[in-house]
Amino acid sequence: MISLLEKTPNKPRRYLNTTLVSETNPFSVQYFRSRKEIKAEKIRQLEKGYWYVIHPFSKFIQIYDFWLLLLYGIIVIVKPLDACIRDGGSAHCPTPKDFKYLDRTEIFIIHAISSTTVDLLSWSDIVAQFFIGFHSIKPDKIELNPRKIAKRYLFGPFFVIDVIGSIPRFSLRLFMDNPPLWQQRSIASVYSEYIFRASAYFLQVSLPQDYYQKLSVDEQILILLSYGIGKIFLIVMWTNLAVNILATRMVTIRYHRFMTQVEDFLQQKKIPYQIKSKIINYCHYKYQGKYFQDEFLTFLMSSRLRQEVKMWTCRSLILAIPVFQELSSDEMNEIARVLIPEIILAADLVFNSGNVAEYLYFIYSGTVAIYTFSGIELCHLEDGAYFGEISFVLKKDIRPFSVIAVETCQLYKIHKKDVEKIFSRHKNIHETMIKQAKLTVRAARILEKQYKTTKRKRYPSSTSNLTEP
């Protein structure tokens with residue numbers, strides 16, 4: 001990925017680190033199941049030439065969301081104050097006979113500057129929306145194409161609302177010939193009155209009939225626009241709410257019922273907190289907030305259909321393993337048929353050195369660490385890698401290494417009997433794994449030798465306790 005960064009033109013390094021997908025973004029951890037997938041997403045964005053597009057799961061978006069929240073808060077405070085100031089010479093702004101004004105030019109100028117600044121910031125947000133990617137649900141992918149981003153924003157509901165809300169209505173008063181006038185009332189009382197009016201228009205709250213008779217033409221037009229936008233907003237809001245509830249209600253309710261049963265079971269059995277949190281995290285990772293009866297659904301399928309589903313589930317894993325890439329589709333189906341899924345939580349032990357070797361493991365997502373007999377970290381393995389093959393290819397029944405999950409991993413494993421069948425049918429796979437296993441064992445022996453030499457120098461009396469793995 002460093003080479004891609006160097007080839008990308010006009011690319012400030014800090015800008016890319018901020019706008020590319022980030023591991024610190026909580027949504028990236030939910031969407032991408034491992035660090036390797038996050039790295040692959042960065043490479044995909046750079047290879048497509050979209051280095052200037054802001055990824056929706058980047059560090060920039062984390063900061064930008066907080067900034068928008070602050071900006072909207074400022075708009076809610078500043079914009080209603082626009083209506084508190086009137087043009088003293090305007091003929092179409094009728095006022096009661098006992099209505100009094102005060103000339104407060106300084107306050108007017110300060111508020112004019114703040115209102116204009118808010119308008120400029122709102123327009124900058126509109127421009128930024130054309131360069132921010134989005135998560136497409138159907139199909140499930142991250143869209144970074146600038147044309148599709150612009151099309152979605154222009155023809156969506158938010159563009160019109162953003163433009164209407166960013167019109168510099170008050171800043172035009174800087175060019176008035178007549179002096180600005182302020183009502184002879186406290187700012188708090190005037191502000192509360194106008195924020196109430198705006199809320200009433202938008203949320204369609206009825207006001208007294210005589211109130212509308214005192215309004216000017218431009219205020220009546222503004223009320224009609226606010227009423228129409230508010231009506232559309234309420235219809236869209238309730239429609240989306242109803243659709244989402246109907247679409248996700250069943251699986252979500254089942255998931256919460258299932259989690260409630262799990263928590264009640266753990267509480268009844270008085271399971272320790274550490275084990276309890278592991279079980280809950282396991283359920284969260286496996287079901288992802290939606291509970292399905294996997295066994296019942298697979299039971300309804302025919303044997304052929306179950307094989308096809310399992311093949312497509314494991315296809316990306318099999319294709320990611322170099323030793324399996326030359327196999328035919330039928331041979332891949334045979335391997336997929338004997339794969340057994342397993343989820344390992346972070347910091348959990350997959351197997352320990354000295355255990356009896358029963359399975360060969362493949363990493364679908366996640367990262368594991370390999371440790372020697374003496375506890376020395378040998379390497380990290382990520383998506384598409386395999387481990388546990390040394391005991392089979394070198395004819396050893398005992399595990400020479402320990403494996404610990406660095407993060408929550410989804411693994412697939414093959415039993416020893418099925419591994420031997422695969423080796424007997426495909427000699428090239430067996431030979432490739434033998435070569436890789438010998439390199440791994442050689443590297444482990446070098447590390448063990450260095451470890452023993454260092455320990456012998458530091459603790460001469462303890463060298464007798466060292467044993468060969």
# chains A, B, ... in the order shown; residues from 1 in each chain; ligands from 1
>>> residues_around(residues="range 53-58 of chain A", least_positions_apart="5", cutoff="7 Å", atoms="only C-alpha atoms", output="list in words")
Thr18, Thr19, Leu20, Val21, Ser22, Asn25, Phe27, Ser28, Phe131, Ile132, Gly133, Phe134 and Leu144 of chain A
>>> residues_around(residues="range 356-364 of chain A", least_positions_apart="3", cutoff="9 Å", atoms="only C-alpha atoms", output="number ranges by chain")
A: 314, 316-318, 321, 351, 353, 367-368, 381-389, 391-392, 396-399, 409-417, 419
>>> write_last_selection(atoms="C-alpha atoms", output="tab-separated table (two decimals), in the first residue's frame")
chain	number	residue	atom	x	y	z
A	314	CYS	CA	-16.41	-20.98	2.02
A	316	SER	CA	-13.74	-16.82	-0.69
A	317	LEU	CA	-11.74	-18.69	1.96
A	318	ILE	CA	-10.71	-21.52	-0.38
A	321	ILE	CA	-5.47	-20.06	0.06
A	351	PHE	CA	-4.58	-25.07	20.92
A	353	SER	CA	1.88	-26.94	22.38
A	367	THR	CA	-5.68	-12.65	13.30
A	368	VAL	CA	-3.89	-15.32	15.35
A	381	LEU	CA	-1.43	-15.05	10.57
A	382	GLU	CA	-4.41	-13.26	9.01
A	383	ASP	CA	-7.31	-13.90	6.62
A	384	GLY	CA	-6.72	-16.76	4.18
A	385	ALA	CA	-3.83	-18.29	6.12
A	386	TYR	CA	-3.77	-21.79	7.63
A	387	PHE	CA	-2.04	-23.35	10.63
A	388	GLY	CA	-1.79	-26.68	12.42
A	389	GLU	CA	-0.45	-28.45	9.31
A	391	SER	CA	1.74	-32.10	12.87
A	392	PHE	CA	0.23	-33.74	9.76
A	396	LYS	CA	3.83	-35.76	14.43
A	397	ASP	CA	0.85	-36.37	16.69
A	398	ILE	CA	1.78	-33.61	19.16
A	399	ARG	CA	1.43	-29.88	18.49
A	409	CYS	CA	-11.61	-14.96	14.63
A	410	GLN	CA	-13.91	-17.01	12.45
A	411	LEU	CA	-12.08	-20.22	11.63
A	412	TYR	CA	-12.78	-23.33	9.61
A	413	LYS	CA	-11.17	-26.62	10.49
A	414	ILE	CA	-10.73	-30.01	8.82
A	415	HIS	CA	-10.40	-33.25	10.75
A	416	LYS	CA	-7.21	-35.29	10.58
A	417	LYS	CA	-8.84	-38.12	8.58
A	419	VAL	CA	-6.70	-33.99	5.77
>>> closest_residue(among="A:Arg35, A:Gly230, A:Ile235, A:Arg456", to="Val406 in chain A", atoms="only C-alpha atoms")
A:Arg35
>>> residues_around(residues="Val323 in chain A", least_positions_apart="4", cutoff="12 Å", atoms="only C-alpha atoms", output="ChimeraX atom specification")
/A:317-319,327,332,384-386,422-423,426-436
